[in-house]
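A.B. asks: Sharing work01.pdb here; it has PDB, C-alpha atoms.
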ATOM      1  CA  MET P   6      24.725  43.023 -10.223
ATOM      2  CA  LYS P   7      25.008  40.155 -12.731
ATOM      3  CA  ARG P   8      25.890  37.800  -9.891
ATOM      4  CA  VAL P   9      22.822  38.855  -7.903
ATOM      5  CA  VAL P  10      20.635  38.337 -10.955
ATOM      6  CA  SER P  11      22.160  34.889 -11.498
ATOM      7  CA  VAL P  12      21.518  33.905  -7.867
ATOM      8  CA  LEU P  13      17.944  35.139  -8.087
ATOM      9  CA  PHE P  14      17.470  33.182 -11.312
ATOM     10  CA  VAL P  15      18.743  29.980  -9.678
ATOM     11  CA  LEU P  16      16.534  30.489  -6.613
ATOM     12  CA  THR P  17      13.536  31.144  -8.819
ATOM     13  CA  ALA P  18      14.248  27.988 -10.819
ATOM     14  CA  ILE P  19      14.574  25.911  -7.639
ATOM     15  CA  THR P  20      11.332  27.337  -6.301
ATOM     16  CA  ALA P  21       9.582  26.527  -9.565
ATOM     17  CA  VAL P  22      10.832  22.939  -9.490
ATOM     18  CA  ASN P  23       9.776  22.480  -5.853
ATOM     19  CA  THR P  24       6.368  23.955  -6.591
ATOM     20  CA  ALA P  25       5.960  21.608  -9.552
ATOM     21  CA  VAL P  26       6.942  18.592  -7.445
ATOM     22  CA  LEU P  27       4.570  19.571  -4.648
ATOM     23  CA  GLY P  28       1.825  20.233  -7.149
ATOM     24  CA  ALA P  29       2.314  16.846  -8.761
ATOM     25  CA  ALA P  30       2.185  15.141  -5.354
ATOM     26  CA  ALA P  31      -0.944  17.060  -4.409
ATOM     27  CA  ASN P  32      -2.642  15.913  -7.612
ATOM     28  CA  ARG P  33      -1.970  12.250  -6.969
ATOM     29  CA  VAL P  34      -4.845   9.981  -6.033
ATOM     30  CA  LYS P  35      -4.465   8.495  -2.574
ATOM     31  CA  VAL P  36      -5.169   4.761  -2.829
ATOM     32  CA  THR P  37      -5.481   2.591   0.283
ATOM     33  CA  LEU P  38      -5.618  -1.178  -0.099
ATOM     34  CA  TYR P  39      -7.116  -3.178   2.777
ATOM     35  CA  TYR P  40      -6.164  -6.823   2.268
ATOM     36  CA  GLU P  41      -5.112 -10.103   3.908
ATOM     37  CA  HIS P  42      -1.930 -12.118   3.606
ATOM     38  CA  LEU P  43      -3.523 -15.400   2.475
ATOM     39  CA  CYS P  44      -6.762 -14.103   0.975
ATOM     40  CA  PRO P  45      -7.267 -15.522  -2.556
ATOM     41  CA  ASP P  46      -9.315 -12.481  -3.621
ATOM     42  CA  SER P  47      -6.560 -10.165  -2.364
ATOM     43  CA  ILE P  48      -3.964 -12.140  -4.286
ATOM     44  CA  ARG P  49      -6.085 -12.084  -7.436
ATOM     45  CA  TRP P  50      -6.623  -8.317  -7.183
ATOM     46  CA  VAL P  51      -2.931  -7.564  -6.760
ATOM     47  CA  SER P  52      -2.025  -9.910  -9.610
ATOM     48  CA  ALA P  53      -4.759  -8.859 -12.031
ATOM     49  CA  GLN P  54      -5.288  -5.167 -11.221
ATOM     50  CA  LEU P  55      -2.228  -3.679  -9.517
ATOM     51  CA  VAL P  56       0.641  -5.519 -11.217
ATOM     52  CA  PRO P  57      -0.289  -4.964 -14.889
ATOM     53  CA  ASN P  58      -1.298  -1.334 -14.330
ATOM     54  CA  TYR P  59       1.261  -0.050 -11.849
ATOM     55  CA  ASN P  60       3.826   1.337 -14.292
ATOM     56  CA  ALA P  61       1.164   3.423 -16.014
ATOM     57  CA  LEU P  62      -0.382   4.591 -12.724
ATOM     58  CA  ARG P  63       2.642   5.029 -10.452
ATOM     59  CA  ASP P  64       3.099   8.769 -11.082
ATOM     60  CA  PHE P  65      -0.577   9.469 -10.506
ATOM     61  CA  MET P  66      -1.149   7.764  -7.189
ATOM     62  CA  GLU P  67       0.150   7.242  -3.689
ATOM     63  CA  ILE P  68      -0.699   3.741  -2.553
ATOM     64  CA  GLU P  69      -0.823   2.523   1.036
ATOM     65  CA  PHE P  70      -1.104  -1.113   2.106
ATOM     66  CA  ILE P  71      -3.082  -2.177   5.206
ATOM     67  CA  PRO P  72      -2.632  -5.936   5.818
ATOM     68  CA  PHE P  73      -5.481  -6.806   8.193
ATOM     69  CA  GLY P  74      -8.859  -7.303   6.515
ATOM     70  CA  LYS P  75     -11.420  -9.185   8.621
ATOM     71  CA  ALA P  76      -8.994 -10.081  11.386
ATOM     72  CA  LYS P  77      -9.609  -9.009  14.978
ATOM     73  CA  SER P  78      -7.473  -8.516  18.038
ATOM     74  CA  ILE P  79      -8.024 -10.374  21.316
ATOM     75  CA  ASN P  80      -7.398  -8.653  24.664
ATOM     76  CA  GLY P  81      -5.697  -5.613  23.194
ATOM     77  CA  GLY P  82      -3.338  -7.560  20.975
ATOM     78  CA  GLU P  83      -2.469 -10.559  23.159
ATOM     79  CA  SER P  84      -3.443 -12.527  20.087
ATOM     80  CA  PHE P  85      -5.271 -12.123  16.786
ATOM     81  CA  GLN P  86      -7.884 -14.107  14.902
ATOM     82  CA  CYS P  87      -7.654 -14.040  11.124
ATOM     83  CA  GLN P  88     -10.048 -15.113   8.403
ATOM     84  CA  HIS P  89      -7.626 -17.677   6.972
ATOM     85  CA  GLY P  90      -6.128 -18.916  10.213
ATOM     86  CA  PRO P  91      -3.048 -18.324  12.395
ATOM     87  CA  LYS P  92      -0.603 -18.409   9.463
ATOM     88  CA  GLU P  93      -2.409 -15.438   7.952
ATOM     89  CA  CYS P  94      -2.048 -13.512  11.223
ATOM     90  CA  GLN P  95       1.682 -14.236  11.171
ATOM     91  CA  GLY P  96       1.845 -13.157   7.531
ATOM     92  CA  ASN P  97      -0.090  -9.949   8.193
ATOM     93  CA  MET P  98       2.372  -9.111  10.957
ATOM     94  CA  LEU P  99       5.394  -9.828   8.789
ATOM     95  CA  GLN P 100       4.005  -7.719   5.949
ATOM     96  CA  ALA P 101       3.315  -4.884   8.373
ATOM     97  CA  CYS P 102       6.921  -5.095   9.596
ATOM     98  CA  VAL P 103       8.424  -5.081   6.096
ATOM     99  CA  LEU P 104       6.238  -2.168   4.973
ATOM    100  CA  HIS P 105       7.182  -0.292   8.140
ATOM    101  CA  TYR P 106      10.835  -0.445   7.094
ATOM    102  CA  LEU P 107      10.108   0.703   3.556
ATOM    103  CA  PRO P 108       8.560   4.083   4.424
ATOM    104  CA  GLU P 109       7.826   6.525   1.599
ATOM    105  CA  GLN P 110       9.318   4.088  -0.916
ATOM    106  CA  GLN P 111       6.295   3.332  -3.057
ATOM    107  CA  ASP P 112       8.065   1.353  -5.775
ATOM    108  CA  ARG P 113       9.758  -0.902  -3.229
ATOM    109  CA  GLN P 114       6.553  -1.384  -1.255
ATOM    110  CA  VAL P 115       4.667  -2.324  -4.410
ATOM    111  CA  SER P 116       7.464  -4.655  -5.476
ATOM    112  CA  TYR P 117       7.347  -6.382  -2.091
ATOM    113  CA  VAL P 118       3.559  -6.705  -1.961
ATOM    114  CA  THR P 119       3.365  -8.005  -5.532
ATOM    115  CA  CYS P 120       6.039 -10.562  -4.681
ATOM    116  CA  GLN P 121       4.180 -11.761  -1.607
ATOM    117  CA  MET P 122       0.616 -11.556  -2.919
ATOM    118  CA  ASN P 123       1.138 -14.317  -5.423
ATOM    119  CA  PHE P 124      -0.222 -17.864  -5.368
ATOM    120  CA  ASN P 125       3.330 -19.167  -5.853
ATOM    121  CA  ALA P 126       4.828 -17.127  -3.012
ATOM    122  CA  ASP P 127       6.219 -18.651   0.164
ATOM    123  CA  PRO P 128       3.193 -18.470   2.531
ATOM    124  CA  ALA P 129       5.463 -17.874   5.504
ATOM    125  CA  GLY P 130       6.565 -14.669   3.818
ATOM    126  CA  TRP P 131      10.289 -14.620   4.433
ATOM    127  CA  GLN P 132      11.437 -15.194   0.855
ATOM    128  CA  CYS P 133       9.819 -11.963  -0.364
ATOM    129  CA  ALA P 134      10.865 -10.169   2.811
ATOM    130  CA  GLU P 135      14.486 -11.018   2.037
ATOM    131  CA  GLN P 136      14.071  -9.615  -1.484
ATOM    132  CA  SER P 137      12.300  -6.448  -0.343
ATOM    133  CA  GLU P 138      15.392  -4.278   0.294
ATOM    134  CA  ALA P 139      14.119  -3.568   3.805
ATOM    135  CA  ASN P 140      16.702  -3.979   6.573
ATOM    136  CA  LEU P 141      16.245  -7.671   7.283
ATOM    137  CA  GLN P 142      17.565  -7.533  10.848
ATOM    138  CA  SER P 143      15.146  -4.723  11.658
ATOM    139  CA  VAL P 144      12.318  -6.748  10.124
ATOM    140  CA  ARG P 145      13.279  -9.794  12.213
ATOM    141  CA  ASN P 146      13.441  -7.691  15.382
ATOM    142  CA  CYS P 147      10.018  -6.285  14.548
ATOM    143  CA  ASP P 148       8.531  -9.710  13.859
ATOM    144  CA  GLU P 149       9.935 -11.121  17.094
ATOM    145  CA  GLY P 150       9.056  -8.166  19.310
ATOM    146  CA  VAL P 151       6.201  -5.917  20.384
ATOM    147  CA  LEU P 152       6.378  -3.690  17.313
ATOM    148  CA  ARG P 153       4.567  -6.229  15.141
ATOM    149  CA  THR P 154       1.635  -6.197  17.573
ATOM    150  CA  GLN P 155       1.590  -2.408  17.629
ATOM    151  CA  LEU P 156       1.619  -2.269  13.835
ATOM    152  CA  LEU P 157      -1.225  -4.771  13.529
ATOM    153  CA  LEU P 158      -3.298  -2.931  16.147
ATOM    154  CA  GLU P 159      -2.821   0.234  14.096
ATOM    155  CA  ALA P 160      -3.870  -1.681  10.978
ATOM    156  CA  GLU P 161      -6.984  -2.803  12.856
ATOM    157  CA  ARG P 162      -7.740   0.775  13.912
ATOM    158  CA  ARG P 163      -7.418   1.975  10.332
ATOM    159  CA  THR P 164      -9.562  -0.866   9.022
ATOM    160  CA  GLN P 165     -12.318  -0.152  11.524
ATOM    161  CA  GLN P 166     -12.622   3.372  10.121
ATOM    162  CA  ILE P 167     -14.251   2.019   6.947
ATOM    163  CA  PRO P 168     -17.303  -0.247   6.467
ATOM    164  CA  LEU P 169     -15.254  -3.204   5.284
ATOM    165  CA  THR P 170     -17.456  -6.125   4.190
ATOM    166  CA  PHE P 171     -15.234  -7.586   1.475
ATOM    167  CA  VAL P 172     -11.519  -8.201   1.176
ATOM    168  CA  PRO P 173      -9.773  -6.624  -0.599
ATOM    169  CA  THR P 174     -11.266  -3.164  -0.220
ATOM    170  CA  VAL P 175      -9.881  -0.236  -2.202
ATOM    171  CA  VAL P 176     -10.408   3.290  -0.872
ATOM    172  CA  PHE P 177      -9.689   6.433  -2.869
ATOM    173  CA  ASN P 178      -8.599   9.722  -1.296
ATOM    174  CA  GLY P 179      -9.428   8.571   2.208
ATOM    175  CA  LYS P 180     -13.164   8.156   1.630
ATOM    176  CA  PHE P 181     -14.900   4.820   1.196
ATOM    177  CA  ASP P 182     -17.211   4.711  -1.823
ATOM    178  CA  GLN P 183     -19.054   1.466  -2.512
ATOM    179  CA  THR P 184     -19.501   2.229  -6.208
ATOM    180  CA  LEU P 185     -15.792   2.949  -6.712
ATOM    181  CA  GLN P 186     -14.934  -0.126  -4.655
ATOM    182  CA  ASP P 187     -17.084  -2.374  -6.824
ATOM    183  CA  ARG P 188     -15.646  -0.898 -10.004
ATOM    184  CA  ALA P 189     -12.041  -0.997  -8.788
ATOM    185  CA  LEU P 190     -12.271  -4.711  -8.084
ATOM    186  CA  LYS P 191     -12.892  -5.304 -11.788
ATOM    187  CA  ASP P 192     -11.166  -2.349 -13.479
ATOM    188  CA  PHE P 193      -8.798  -0.420 -11.218
ATOM    189  CA  ARG P 194      -7.207   1.379 -14.156
ATOM    190  CA  GLU P 195     -10.525   2.767 -15.396
ATOM    191  CA  VAL P 196     -11.336   4.188 -11.960
ATOM    192  CA  MET P 197      -7.915   5.805 -11.823
ATOM    193  CA  CYS P 198      -8.439   7.253 -15.301
ATOM    194  CA  GLU P 199     -11.670   8.816 -14.113
ATOM    195  CA  LEU P 200     -10.223  10.200 -10.878
ATOM    196  CA  THR P 201      -7.262  11.767 -12.713
ATOM    197  CA  ASN P 202      -9.440  13.256 -15.466
ATOM    198  CA  LYS P 203      -7.858  10.859 -17.951
ATOM    199  CA  ARG P 204      -4.332  12.305 -17.522
ATOM    200  CA  ILE P 205      -2.932   8.774 -17.614
ATOM    201  CA  ILE P 206      -1.572   7.558 -20.949
ATOM    202  CA  GLY P 207      -3.911   5.044 -22.477
ATOM    203  CA  CYS P 208      -7.083   6.283 -20.796
TER     204      CYS P 208
END
As a first step, turn the structure in this file into structure tokens.
C.D. replies:
Amino acid sequence: MKRVVSVLFVLTAITAVNTAVLGAAANRVKVTLYYEHLCPDSIRWVSAQLVPNYNALRDFMEIEFIPFGKAKSINGGESFQCQHGPKECQGNMLQACVLHYLPEQQDRQVSYVTCQMNFNADPAGWQCAEQSEANLQSVRNCDEGVLRTQLLLEAERRTQQIPLTFVPTVVFNGKFDQTLQDRALKDFREVMCELTNKRIIGC
């Protein structure tokens, strides 16, 4: 009887922990960043808004990176035109490949993007890719094959779902809001404080 009670206690404890974890995940704000590899405004936003605030916000959000911006595909992905030229298209593709091989690893994705979205970063993108902890051979295969095109076409599809007029664009919980976008460009932390009912330390 004592053994049965002990087993039930353990199962109940596990269930409680799982419920707490799921509840915490459900309460996180979904943040989607639409940006471009060589866009100065994108670089400034990552450097000034994401980097200094990430440690305080990391447990309260799930962030997704969509490297495409105002680019467009030609003939179904035969080629792409990007706002800052061909090198940006190549960089968008490489970022898409690296992020693809860092699935559900938010800290590593953020570390990679903050490395790359820096005015001192290698514009070709490989230095940060090598530091990203993604499987480098898989990233190279992606960047040299059809997967990079498929990933960028998906990024285009996602981008076309919002009324993007400025890069970067920040979307919260899957719904574009111009007021939140304007505010997030200047004070991302304050918007997050509001959306989490000030549960973040320092709000």
A.B. asks: Could you expand the PyMOL selection byres ((chain P and resi 126-133) around 8) into the explicit residues it covers here, written as number ranges by chain?
C.D. replies: P: 43, 92, 95-96, 99-100, 117, 120-125, 134-137
A.B. asks: Write out as number ranges by chain each polymer residue whose atoms come within 8 Å of Val36 of chain P, counting all atoms listed in the file; drop sequence neighbours fewer than 3 positions from it.
C.D. replies: P: 66-69, 175-179
A.B. asks: The selected residues should be written to file as a compact mmCIF listing (two decimals), in the coordinates of the input (atoms: C-alpha atoms).
C.D. replies:
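Resulting contents of out.txt:
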# COMPACT_ATOMS: atom_id res chain seq x y z
CA MET P 66 -1.15 7.76 -7.19
CA GLU P 67 0.15 7.24 -3.69
CA ILE P 68 -0.70 3.74 -2.55
CA GLU P 69 -0.82 2.52 1.04
CA VAL P 175 -9.88 -0.24 -2.20
CA VAL P 176 -10.41 3.29 -0.87
CA PHE P 177 -9.69 6.43 -2.87
CA ASN P 178 -8.60 9.72 -1.30
CA GLY P 179 -9.43 8.57 2.21
A.B. asks: For atom CA of Ile206 of chain P and atom CA of Ala189 of chain P, determine how far apart the two atoms are, in Å to one decimal place.
C.D. replies: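 Pair atom CA of Ile206 of chain P / atom CA of Ala189 of chain P returns 18.2 Å.
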A.B. asks: Once 4 Å is added on each side, what centre and edge lengths in Å to one decimal does the axis-aligned box around all listed atoms of segment 192-200 of chain P have, as lines of an AutoDock Vina configuration file?
C.D. replies:
center_x = -9.4
center_y = 3.9
center_z = -13.1
size_x = 12.5
size_y = 20.5
size_z = 12.5
A.B. asks: Select, from P:Leu62, P:Val51, P:Leu38, P:Leu158, the residue with the minimum atom-to-atom distance to Ile205 of chain P, counting all atoms listed in the file.
C.D. replies: P:Leu62
A.B. asks: Residues within 12 Å of Ile167 of chain P, please, as a PyMOL selection string. Count all atoms listed in the file; anything in the same chain fewer than 2 positions from it doesn't count.
C.D. replies: chain P and resi 37-39+74-75+160-165+169-171+174-177+179-183+186
A.B. asks: Need to verify the contact set: Cys208 of chain P, 12 Å, all atoms listed in the file, exclusion of same-chain residues closer than 4 positions in sequence. Can you return it as a list in words?
C.D. replies: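 Here the answer would be Asn58, Ala61, Leu62, Phe193, Arg194, Glu195, Val196, Met197, Cys198, Glu199, Leu200, Thr201, Asn202, Lys203 and Arg204 of chain P.
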A.B. asks: Under the rule that all atoms listed in the file are counted, which of P:Thr119, P:Glu83, P:Gln166, P:Cys94 is the nearest residue to Val151 of chain P?
C.D. replies: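 Going through P:Thr119, P:Glu83, P:Gln166, P:Cys94 one by one, the smallest distance to Val151 of chain P is for P:Glu83.
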A.B. asks: Taking 2 positions as the minimum chain separation for residues in the same chain, which residues sit within 12 Å of Thr154 of chain P when counting only C-alpha atoms? Answer as number ranges by chain.
C.D. replies: P: 73, 77-85, 94-95, 97-102, 147-152, 156-161
A.B. asks: Quick check, in Å to one decimal: how far apart do atom CA of Asp46 of chain P and atom CA of Phe65 of chain P lie?
C.D. replies: 24.6 Å
